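Chemist: Following this line is protein-v4.pdb, made up of PDB, C-alpha atoms:
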ATOM      1  CA  MET A   1      23.645 -11.668 -48.657
ATOM      2  CA  PRO A   2      21.639  -8.646 -47.455
ATOM      3  CA  LEU A   3      19.905  -9.111 -44.107
ATOM      4  CA  LEU A   4      17.146  -7.050 -42.577
ATOM      5  CA  SER A   5      18.056  -4.831 -39.653
ATOM      6  CA  THR A   6      15.646  -4.195 -36.776
ATOM      7  CA  VAL A   7      14.207  -1.188 -38.625
ATOM      8  CA  GLY A   8      13.669  -3.242 -41.761
ATOM      9  CA  ALA A   9      16.488  -1.713 -43.816
ATOM     10  CA  PRO A  10      18.798  -4.207 -45.515
ATOM     11  CA  VAL A  11      22.117  -4.762 -43.773
ATOM     12  CA  ASP A  12      25.182  -5.448 -45.858
ATOM     13  CA  MET A  13      26.808  -8.652 -44.631
ATOM     14  CA  GLU A  14      30.198  -7.291 -45.664
ATOM     15  CA  ASP A  15      29.756  -4.341 -43.292
ATOM     16  CA  VAL A  16      28.743  -6.681 -40.479
ATOM     17  CA  VAL A  17      31.770  -8.912 -40.983
ATOM     18  CA  ARG A  18      34.133  -5.952 -41.361
ATOM     19  CA  ALA A  19      32.889  -4.385 -38.132
ATOM     20  CA  ARG A  20      33.313  -7.641 -36.236
ATOM     21  CA  LEU A  21      36.715  -8.246 -37.779
ATOM     22  CA  SER A  22      37.882  -4.883 -36.525
ATOM     23  CA  GLN A  23      36.760  -5.780 -32.992
ATOM     24  CA  ALA A  24      38.508  -9.149 -33.238
ATOM     25  CA  MET A  25      41.831  -7.922 -34.590
ATOM     26  CA  GLN A  26      43.781  -7.694 -31.326
ATOM     27  CA  ARG A  27      42.967 -11.151 -30.070
ATOM     28  CA  SER A  28      43.398 -12.537 -33.602
ATOM     29  CA  TYR A  29      46.873 -11.055 -33.739
ATOM     30  CA  VAL A  30      47.756 -12.620 -30.393
ATOM     31  CA  ALA A  31      46.363 -15.982 -31.575
ATOM     32  CA  ALA A  32      48.363 -15.853 -34.805
ATOM     33  CA  TYR A  33      51.475 -14.717 -32.984
ATOM     34  CA  ARG A  34      51.197 -17.556 -30.485
ATOM     35  CA  ILE A  35      50.944 -20.089 -33.319
ATOM     36  CA  LEU A  36      53.496 -18.610 -35.709
ATOM     37  CA  GLY A  37      55.875 -17.011 -33.205
ATOM     38  CA  ASN A  38      56.645 -14.107 -35.522
ATOM     39  CA  ALA A  39      55.153 -10.613 -35.592
ATOM     40  CA  ASP A  40      55.309 -10.061 -39.369
ATOM     41  CA  GLN A  41      53.857 -13.473 -40.152
ATOM     42  CA  ALA A  42      51.142 -12.925 -37.547
ATOM     43  CA  ARG A  43      50.166  -9.609 -39.168
ATOM     44  CA  ASP A  44      50.062 -11.184 -42.622
ATOM     45  CA  ALA A  45      48.078 -14.149 -41.317
ATOM     46  CA  CYS A  46      45.482 -11.800 -39.801
ATOM     47  CA  GLN A  47      45.141  -9.911 -43.068
ATOM     48  CA  GLU A  48      44.831 -13.056 -45.152
ATOM     49  CA  ALA A  49      42.385 -14.679 -42.742
ATOM     50  CA  ALA A  50      40.339 -11.451 -42.766
ATOM     51  CA  ALA A  51      40.250 -11.535 -46.578
ATOM     52  CA  ARG A  52      39.133 -15.182 -46.460
ATOM     53  CA  ALA A  53      36.458 -14.351 -43.887
ATOM     54  CA  LEU A  54      35.179 -11.513 -46.057
ATOM     55  CA  SER A  55      34.945 -13.710 -49.113
ATOM     56  CA  ALA A  56      33.213 -16.442 -47.084
ATOM     57  CA  ARG A  57      30.920 -13.975 -45.303
ATOM     58  CA  ASP A  58      27.768 -15.638 -46.617
ATOM     59  CA  ARG A  59      28.636 -18.732 -44.598
ATOM     60  CA  TYR A  60      28.750 -16.771 -41.331
ATOM     61  CA  ASP A  61      25.643 -17.138 -39.191
ATOM     62  CA  HIS A  62      25.331 -13.641 -37.711
ATOM     63  CA  ASP A  63      23.244 -14.917 -34.789
ATOM     64  CA  ARG A  64      26.229 -16.822 -33.437
ATOM     65  CA  PRO A  65      29.399 -15.339 -31.905
ATOM     66  CA  PHE A  66      31.742 -14.040 -34.568
ATOM     67  CA  TYR A  67      35.153 -14.742 -33.087
ATOM     68  CA  PRO A  68      34.907 -18.573 -32.900
ATOM     69  CA  TRP A  69      33.994 -18.624 -36.601
ATOM     70  CA  PHE A  70      36.852 -16.316 -37.517
ATOM     71  CA  TYR A  71      39.295 -18.100 -35.210
ATOM     72  CA  ARG A  72      38.745 -21.347 -37.120
ATOM     73  CA  ILE A  73      39.619 -19.591 -40.374
ATOM     74  CA  LEU A  74      42.670 -17.952 -38.802
ATOM     75  CA  LYS A  75      43.893 -21.119 -37.130
ATOM     76  CA  ASN A  76      43.536 -23.158 -40.325
ATOM     77  CA  HIS A  77      45.413 -20.478 -42.206
ATOM     78  CA  CYS A  78      48.232 -20.412 -39.623
ATOM     79  CA  LEU A  79      48.484 -24.213 -39.567
ATOM     80  CA  ASP A  80      48.610 -24.313 -43.384
ATOM     81  CA  HIS A  81      51.362 -21.728 -43.216
ATOM     82  CA  LEU A  82      53.308 -23.829 -40.714
ATOM     83  CA  LYS A  83      52.779 -26.967 -42.779
ATOM     84  CA  ARG A  84      54.152 -25.201 -45.818
ATOM     85  CA  ARG A  85      57.176 -24.135 -43.890
ATOM     86  CA  ARG A  86      57.487 -27.592 -42.320
ATOM     87  CA  ARG A  87      58.083 -26.091 -38.950
ATOM     88  CA  THR A  88      57.003 -27.098 -35.482
ATOM     89  CA  ILE A  89      54.754 -24.748 -33.612
ATOM     90  CA  PRO A  90      56.894 -22.309 -31.677
ATOM     91  CA  VAL A  91      55.506 -20.593 -28.642
ATOM     92  CA  GLY A  92      57.272 -17.321 -27.965
ATOM     93  CA  ASP A  93      57.180 -15.422 -24.735
ATOM     94  CA  GLY A  94      56.786 -12.133 -26.520
ATOM     95  CA  PRO A  95      57.778 -10.553 -29.807
ATOM     96  CA  PRO A  96      61.421  -9.944 -30.583
ATOM     97  CA  ARG A  97      62.480  -6.738 -28.907
ATOM     98  CA  VAL A  98      65.464  -4.527 -29.476
ATOM     99  CA  ASP A  99      65.844  -4.039 -25.746
ATOM    100  CA  GLU A 100      66.068  -7.776 -25.148
ATOM    101  CA  ALA A 101      68.777  -7.415 -22.524
ATOM    102  CA  PRO A 102      67.111  -7.005 -19.147
ATOM    103  CA  THR A 103      67.823  -3.711 -17.480
ATOM    104  CA  ALA A 104      67.262  -4.894 -13.933
ATOM    105  CA  GLU A 105      67.412  -8.104 -11.999
ATOM    106  CA  GLY A 106      63.669  -8.024 -11.457
ATOM    107  CA  GLN A 107      63.102  -7.873 -15.195
ATOM    108  CA  ALA A 108      65.448 -10.804 -15.748
ATOM    109  CA  VAL A 109      63.467 -12.870 -13.239
ATOM    110  CA  GLN A 110      60.211 -11.916 -14.965
ATOM    111  CA  ASP A 111      61.616 -12.902 -18.358
ATOM    112  CA  GLU A 112      62.824 -16.223 -17.022
ATOM    113  CA  ARG A 113      59.416 -16.920 -15.482
ATOM    114  CA  ALA A 114      57.710 -16.036 -18.753
ATOM    115  CA  ARG A 115      59.969 -18.474 -20.587
ATOM    116  CA  ALA A 116      59.240 -21.152 -18.000
ATOM    117  CA  LEU A 117      55.524 -20.579 -18.446
ATOM    118  CA  SER A 118      55.881 -20.803 -22.233
ATOM    119  CA  ARG A 119      57.760 -24.089 -21.883
ATOM    120  CA  ALA A 120      55.077 -25.451 -19.586
ATOM    121  CA  VAL A 121      52.263 -24.457 -21.977
ATOM    122  CA  GLU A 122      54.185 -25.991 -24.856
ATOM    123  CA  GLY A 123      54.531 -29.240 -22.928
ATOM    124  CA  LEU A 124      50.790 -29.682 -22.434
ATOM    125  CA  PRO A 125      48.809 -32.126 -24.585
ATOM    126  CA  MET A 126      47.334 -30.346 -27.618
ATOM    127  CA  ASP A 127      43.726 -30.225 -26.348
ATOM    128  CA  LEU A 128      44.771 -28.761 -22.990
ATOM    129  CA  ARG A 129      47.211 -26.379 -24.603
ATOM    130  CA  GLU A 130      44.514 -25.046 -26.904
ATOM    131  CA  ILE A 131      42.150 -24.318 -24.063
ATOM    132  CA  ILE A 132      44.884 -22.419 -22.198
ATOM    133  CA  GLU A 133      45.597 -20.422 -25.349
ATOM    134  CA  LEU A 134      41.918 -19.615 -25.837
ATOM    135  CA  ARG A 135      41.285 -18.592 -22.238
ATOM    136  CA  HIS A 136      44.536 -16.956 -21.191
ATOM    137  CA  PHE A 137      45.915 -15.462 -24.369
ATOM    138  CA  GLN A 138      42.774 -14.718 -26.343
ATOM    139  CA  ASP A 139      40.501 -13.987 -23.404
ATOM    140  CA  LEU A 140      37.569 -16.015 -24.722
ATOM    141  CA  SER A 141      34.525 -16.523 -22.533
ATOM    142  CA  TYR A 142      33.420 -20.059 -21.618
ATOM    143  CA  GLU A 143      30.640 -19.806 -24.196
ATOM    144  CA  GLU A 144      33.016 -18.722 -26.949
ATOM    145  CA  MET A 145      35.408 -21.534 -26.070
ATOM    146  CA  ALA A 146      32.520 -24.001 -26.205
ATOM    147  CA  GLU A 147      31.678 -22.688 -29.683
ATOM    148  CA  VAL A 148      35.297 -22.999 -30.863
ATOM    149  CA  LEU A 149      35.766 -26.473 -29.431
ATOM    150  CA  GLY A 150      32.278 -27.726 -30.308
ATOM    151  CA  CYS A 151      31.498 -28.994 -26.808
ATOM    152  CA  PRO A 152      29.249 -27.955 -23.894
ATOM    153  CA  VAL A 153      30.332 -25.253 -21.431
ATOM    154  CA  GLY A 154      30.600 -27.866 -18.652
ATOM    155  CA  THR A 155      33.164 -29.802 -20.691
ATOM    156  CA  VAL A 156      35.066 -26.586 -21.337
ATOM    157  CA  MET A 157      35.247 -25.871 -17.609
ATOM    158  CA  SER A 158      36.412 -29.337 -16.660
ATOM    159  CA  ARG A 159      38.992 -29.349 -19.452
ATOM    160  CA  LEU A 160      40.182 -25.903 -18.407
ATOM    161  CA  TYR A 161      40.520 -27.107 -14.836
ATOM    162  CA  ARG A 162      42.577 -30.109 -15.955
ATOM    163  CA  ALA A 163      44.726 -27.878 -18.137
ATOM    164  CA  ARG A 164      45.414 -25.413 -15.335
ATOM    165  CA  LYS A 165      46.139 -28.179 -12.881
ATOM    166  CA  GLN A 166      48.615 -29.812 -15.266
ATOM    167  CA  LEU A 167      50.183 -26.449 -16.058
ATOM    168  CA  ARG A 168      50.592 -25.725 -12.363
ATOM    169  CA  GLN A 169      52.245 -29.118 -11.804
ATOM    170  CA  ALA A 170      54.652 -28.456 -14.666
ATOM    171  CA  LEU A 171      55.498 -25.030 -13.257
ATOM    172  CA  LEU A 172      56.052 -26.390  -9.784
ATOM    173  CA  SER A 173      58.682 -28.724 -11.119
ATOM    174  CA  ASP A 174      60.383 -25.867 -12.970
ATOM    175  CA  ALA A 175      62.759 -24.104 -10.611
ATOM    176  CA  ALA A 176      62.636 -20.924 -12.708
ATOM    177  CA  PHE A 177      58.961 -20.488 -11.981
ATOM    178  CA  SER A 178      58.183 -22.242  -8.740
ATOM    179  CA  GLN A 179      59.890 -19.628  -6.552
ATOM    180  CA  GLY A 180      57.096 -17.684  -4.985
ATOM    181  CA  PHE A 181      54.498 -20.252  -5.882
ATOM    182  CA  SER A 182      52.290 -21.326  -3.012
ATOM    183  CA  THR A 183      54.045 -24.656  -2.387
ATOM    184  CA  ALA A 184      57.693 -25.578  -2.742
ATOM    185  CA  PRO A 185      58.627 -27.729  -5.753
ATOM    186  CA  GLY A 186      57.958 -31.383  -5.228
ATOM    187  CA  GLY A 187      55.578 -30.692  -2.363
ATOM    188  CA  ASP A 188      52.408 -32.624  -1.874
ATOM    189  CA  ARG A 189      49.804 -30.990  -4.105
TER
ATOM    190  CA  MET B   1      27.117 -31.577   0.529
ATOM    191  CA  THR B   2      29.291 -34.694   0.199
ATOM    192  CA  SER B   3      33.048 -34.307   0.131
ATOM    193  CA  GLU B   4      33.130 -35.249  -3.564
ATOM    194  CA  ALA B   5      30.432 -32.747  -4.389
ATOM    195  CA  SER B   6      32.167 -30.049  -2.311
ATOM    196  CA  ARG B   7      35.396 -30.601  -4.198
ATOM    197  CA  ALA B   8      33.664 -30.471  -7.565
ATOM    198  CA  ARG B   9      31.933 -27.248  -6.560
ATOM    199  CA  ALA B  10      35.177 -25.765  -5.189
ATOM    200  CA  GLU B  11      36.951 -26.540  -8.472
ATOM    201  CA  GLU B  12      34.195 -24.880 -10.448
ATOM    202  CA  LEU B  13      34.196 -21.782  -8.248
ATOM    203  CA  VAL B  14      37.989 -21.570  -8.291
ATOM    204  CA  MET B  15      37.842 -21.562 -12.100
ATOM    205  CA  ARG B  16      35.206 -18.842 -12.110
ATOM    206  CA  ALA B  17      37.164 -16.796  -9.565
ATOM    207  CA  VAL B  18      40.348 -16.940 -11.657
ATOM    208  CA  ASP B  19      38.373 -15.861 -14.705
ATOM    209  CA  GLY B  20      36.709 -13.024 -12.796
ATOM    210  CA  VAL B  21      33.140 -14.176 -13.364
ATOM    211  CA  LEU B  22      32.089 -14.976  -9.793
ATOM    212  CA  ALA B  23      28.748 -13.610  -8.635
ATOM    213  CA  GLU B  24      28.512 -12.061  -5.162
ATOM    214  CA  ASP B  25      26.806 -15.068  -3.587
ATOM    215  CA  GLU B  26      29.328 -17.381  -5.255
ATOM    216  CA  GLU B  27      32.157 -15.394  -3.660
ATOM    217  CA  ARG B  28      30.712 -16.110  -0.237
ATOM    218  CA  GLU B  29      30.170 -19.746  -1.171
ATOM    219  CA  LEU B  30      33.773 -20.041  -2.330
ATOM    220  CA  GLU B  31      35.055 -18.461   0.892
ATOM    221  CA  ASP B  32      33.095 -21.079   2.894
ATOM    222  CA  LEU B  33      34.435 -23.903   0.741
ATOM    223  CA  LEU B  34      38.004 -22.625   1.069
ATOM    224  CA  GLU B  35      37.611 -22.754   4.850
ATOM    225  CA  GLN B  36      36.680 -26.441   4.566
ATOM    226  CA  LEU B  37      39.161 -27.289   1.797
ATOM    227  CA  PRO B  38      42.201 -25.034   2.316
ATOM    228  CA  GLU B  39      44.250 -26.800  -0.397
ATOM    229  CA  TYR B  40      42.113 -25.006  -2.976
ATOM    230  CA  ARG B  41      43.272 -21.668  -1.574
ATOM    231  CA  ASP B  42      46.813 -22.443  -2.765
ATOM    232  CA  GLU B  43      45.481 -23.543  -6.146
ATOM    233  CA  LEU B  44      43.494 -20.355  -6.497
ATOM    234  CA  ARG B  45      46.526 -18.211  -5.671
ATOM    235  CA  ASP B  46      48.720 -20.076  -8.163
ATOM    236  CA  TYR B  47      46.127 -19.908 -10.943
ATOM    237  CA  GLU B  48      45.758 -16.179 -10.329
ATOM    238  CA  GLU B  49      49.508 -15.803 -10.634
ATOM    239  CA  ILE B  50      49.548 -17.791 -13.876
ATOM    240  CA  SER B  51      46.720 -15.625 -15.143
ATOM    241  CA  ALA B  52      48.600 -12.427 -14.274
ATOM    242  CA  MET B  53      51.679 -13.753 -16.088
ATOM    243  CA  THR B  54      49.754 -14.651 -19.233
ATOM    244  CA  ASP B  55      48.085 -11.221 -19.167
ATOM    245  CA  ALA B  56      51.521  -9.603 -19.002
ATOM    246  CA  MET B  57      52.762 -11.774 -21.883
ATOM    247  CA  THR B  58      49.710 -10.887 -23.980
ATOM    248  CA  ASN B  59      50.184  -7.196 -23.254
ATOM    249  CA  ARG B  60      53.806  -7.489 -24.289
ATOM    250  CA  ILE B  61      52.818  -9.108 -27.583
ATOM    251  CA  LEU B  62      50.252  -6.369 -28.195
ATOM    252  CA  ALA B  63      52.575  -3.549 -27.127
ATOM    253  CA  ASP B  64      54.809  -4.135 -30.124
ATOM    254  CA  ALA B  65      52.021  -5.075 -32.503
ATOM    255  CA  GLN B  66      51.268  -2.776 -35.370
ATOM    256  CA  ILE B  67      47.873  -4.091 -36.268
ATOM    257  CA  GLU B  68      46.943  -2.933 -39.707
ATOM    258  CA  PRO B  69      43.486  -2.038 -40.859
ATOM    259  CA  ILE B  70      41.829  -4.645 -43.021
ATOM    260  CA  ARG B  71      42.672  -4.244 -46.686
ATOM    261  CA  PRO B  72      39.592  -3.542 -48.774
ATOM    262  CA  PRO B  73      38.674  -6.330 -51.183
ATOM    263  CA  ALA B  74      40.222  -6.135 -54.665
ATOM    264  CA  SER B  75      36.812  -5.637 -56.302
ATOM    265  CA  SER B  76      36.123  -2.563 -54.179
ATOM    266  CA  ARG B  77      39.608  -1.102 -54.859
ATOM    267  CA  THR B  78      39.093  -1.590 -58.620
ATOM    268  CA  LEU B  79      35.695   0.094 -58.519
ATOM    269  CA  VAL B  80      37.049   3.095 -56.601
ATOM    270  CA  SER B  81      40.015   3.448 -58.984
ATOM    271  CA  LEU B  82      37.779   3.208 -62.056
ATOM    272  CA  SER B  83      35.346   5.782 -60.659
ATOM    273  CA  LEU B  84      38.172   8.214 -59.873
ATOM    274  CA  LEU B  85      39.603   7.764 -63.363
ATOM    275  CA  LEU B  86      36.220   8.501 -64.990
ATOM    276  CA  LEU B  87      35.754  11.582 -62.791
ATOM    277  CA  LEU B  88      39.219  12.812 -63.692
ATOM    278  CA  CYS B  89      38.564  12.336 -67.427
ATOM    279  CA  ALA B  90      35.234  14.167 -67.214
ATOM    280  CA  PHE B  91      36.857  17.020 -65.289
ATOM    281  CA  LEU B  92      39.778  17.362 -67.728
ATOM    282  CA  VAL B  93      37.564  17.307 -70.848
ATOM    283  CA  SER B  94      34.988  19.788 -69.525
ATOM    284  CA  THR B  95      37.493  22.264 -68.045
ATOM    285  CA  GLY B  96      39.740  21.947 -71.116
ATOM    286  CA  PHE B  97      36.794  22.674 -73.394
ATOM    287  CA  ALA B  98      35.719  25.690 -71.303
ATOM    288  CA  ALA B  99      39.296  26.987 -71.039
ATOM    289  CA  TRP B 100      39.842  26.680 -74.794
ATOM    290  CA  GLY B 101      36.635  28.627 -75.497
ATOM    291  CA  PHE B 102      37.637  31.280 -72.980
ATOM    292  CA  LEU B 103      41.180  31.716 -74.304
ATOM    293  CA  THR B 104      40.160  31.870 -77.982
ATOM    294  CA  ASP B 105      37.313  34.330 -77.382
ATOM    295  CA  SER B 106      38.466  37.625 -78.947
ATOM    296  CA  GLY B 107      36.008  39.558 -76.739
ATOM    297  CA  VAL B 108      37.916  38.700 -73.520
ATOM    298  CA  PRO B 109      40.752  41.131 -72.632
ATOM    299  CA  LEU B 110      44.286  39.654 -72.820
ATOM    300  CA  LEU B 111      45.014  40.583 -69.182
ATOM    301  CA  LEU B 112      42.034  38.507 -68.007
ATOM    302  CA  LYS B 113      43.185  35.571 -70.151
ATOM    303  CA  ILE B 114      46.662  35.731 -68.595
ATOM    304  CA  ALA B 115      45.175  35.881 -65.083
ATOM    305  CA  ALA B 116      42.928  32.869 -65.807
ATOM    306  CA  ALA B 117      45.848  30.904 -67.258
ATOM    307  CA  ALA B 118      47.989  31.717 -64.181
ATOM    308  CA  GLY B 119      45.158  30.590 -61.890
ATOM    309  CA  GLY B 120      44.766  27.353 -63.870
ATOM    310  CA  LEU B 121      48.502  26.630 -63.689
ATOM    311  CA  GLY B 122      48.455  27.312 -59.939
ATOM    312  CA  LEU B 123      45.623  24.813 -59.440
ATOM    313  CA  LEU B 124      47.426  22.248 -61.598
ATOM    314  CA  GLY B 125      50.603  22.712 -59.516
ATOM    315  CA  LEU B 126      48.676  22.139 -56.283
ATOM    316  CA  PHE B 127      47.017  19.033 -57.746
ATOM    317  CA  VAL B 128      50.389  17.571 -58.765
ATOM    318  CA  HIS B 129      51.760  18.359 -55.290
ATOM    319  CA  VAL B 130      48.880  16.481 -53.602
ATOM    320  CA  LEU B 131      49.372  13.522 -55.943
ATOM    321  CA  ARG B 132      53.085  13.373 -55.098
ATOM    322  CA  ILE B 133      52.390  13.453 -51.351
ATOM    323  CA  ARG B 134      49.848  10.667 -51.694
ATOM    324  CA  ARG B 135      52.253   8.589 -53.759
ATOM    325  CA  ARG B 136      55.013   8.992 -51.188
ATOM    326  CA  ALA B 137      52.583   8.065 -48.385
ATOM    327  CA  SER B 138      51.347   4.990 -50.227
ATOM    328  CA  GLY B 139      54.969   3.894 -50.684
ATOM    329  CA  ARG B 140      55.363   3.763 -46.906
ATOM    330  CA  ASP B 141      52.062   2.025 -46.264
ATOM    331  CA  PRO B 142      51.222  -0.680 -48.771
ATOM    332  CA  TYR B 143      47.652  -0.918 -47.515
ATOM    333  CA  GLN B 144      44.945   1.663 -47.952
ATOM    334  CA  LYS B 145      43.929   3.059 -44.620
ATOM    335  CA  ILE B 146      40.339   2.037 -44.085
ATOM    336  CA  ASP B 147      38.875   2.867 -40.692
ATOM    337  CA  LEU B 148      37.129  -0.190 -39.389
TER
END
Rewrite the structure from the file as structure tokens, please.
Modeler:
Amino acid sequence: MPLLSTVGAPVDMEDVVRARLSQAMQRSYVAAYRILGNADQARDACQEAAARALSARDRYDHDRPFYPWFYRILKNHCLDHLKRRRRTIPVGDGPPRVDEAPTAEGQAVQDERARALSRAVEGLPMDLREIIELRHFQDLSYEEMAEVLGCPVGTVMSRLYRARKQLRQALLSDAAFSQGFSTAPGGDR
Amino acid sequence: MTSEASRARAEELVMRAVDGVLAEDEERELEDLLEQLPEYRDELRDYEEISAMTDAMTNRILADAQIEPIRPPASSRTLVSLSLLLLLCAFLVSTGFAAWGFLTDSGVPLLLKIAAAAGGLGLLGLFVHVLRIRRRASGRDPYQKIDL
């Protein structure tokens, strides 16, 4: 549907959506990767969700933030994909790498901490897990998260606080992570 | 401010500090609250560490990502292909017609005809070469490269 730009010339909605898709590609890839746990499937999911977004472009309200709208399409697509494959949602701590073997002790510790963090995120209730994914892995603002979750910013902040608190508790009880944390495991928090 | 209200405010400011959206006056306010409620200092440090870890994990995911440009819609690809085909047909018919007239004109010296034919063959060779390169490239990349 052609819109009118500020100078009165019609704006092609396809161009608008394409431009915003290109800006959203990195965080979309991370979102898809975090749901599907596979780089190739994440790439395909982004492409297919982009094609769906382009064909549904008339339903996008260009006055509202783009990413929450696109994220819903992407997430639904990824969940459909998982349903088809009858798999549980894996949360990876990074894409498969050829140099998986750590080269130094420090790297091994980092990898172990990343795995511990992934386990802790995975163990959160779904609503808290989603807010951690949106904030920490997709770098959404409070307003964008409110748009995605369909709730006020205040609710987003309190839910994010609960999620972080629960995540911290889980990490404190995980010996692989709690070293170096501010309080020893099992301490009074 | 009551203790309950101070805690609620500290939690809010801790969240905003972790997310890097604290205003200057809020920074001072948070510092004051952390003096009164030191347990939030530990929380803040831990949340910042979690945040740094998730940033590193995200960067690692993106480091190996080969994010492809968006494929153009099928309708647009069909239109471009059809237009190119029509242009190619028009070019072949018009140049073929002109070349035939030129080669069969008895007024044109034979040497000039040979030179024109050699030039035409050279152009055709270059065209085929470009087509082959494009075909090889498209075999490696199944998607058309569209800069978005």
Chemist: Evaluate the ChimeraX specification (/B :<9) & /A and record the selected residues as a ChimeraX atom specification, following the chain and residue labels used in the document.
Modeler: /A:18-23,25-27,29-30,33,39,43,46-47,50-51,54-55,93-97,110,113-114,117,135-138,141,157-158,160-161,164-165,167-168,181-183,189
Chemist: Please expand the PyMOL selection byres ((chain A and resi 58-68) around 8) into the concrete residues it hits in this file, giving the result as a PyMOL selection string.
Modeler: chain A and resi 1+13+20+24+55-57+69-72+144-145+147-148
Chemist: Give me, please, the distance in Å between CA of Ser106 in chain B and CA of Leu92 in chain B, quoted to one decimal.
Modeler: 23.2 Å
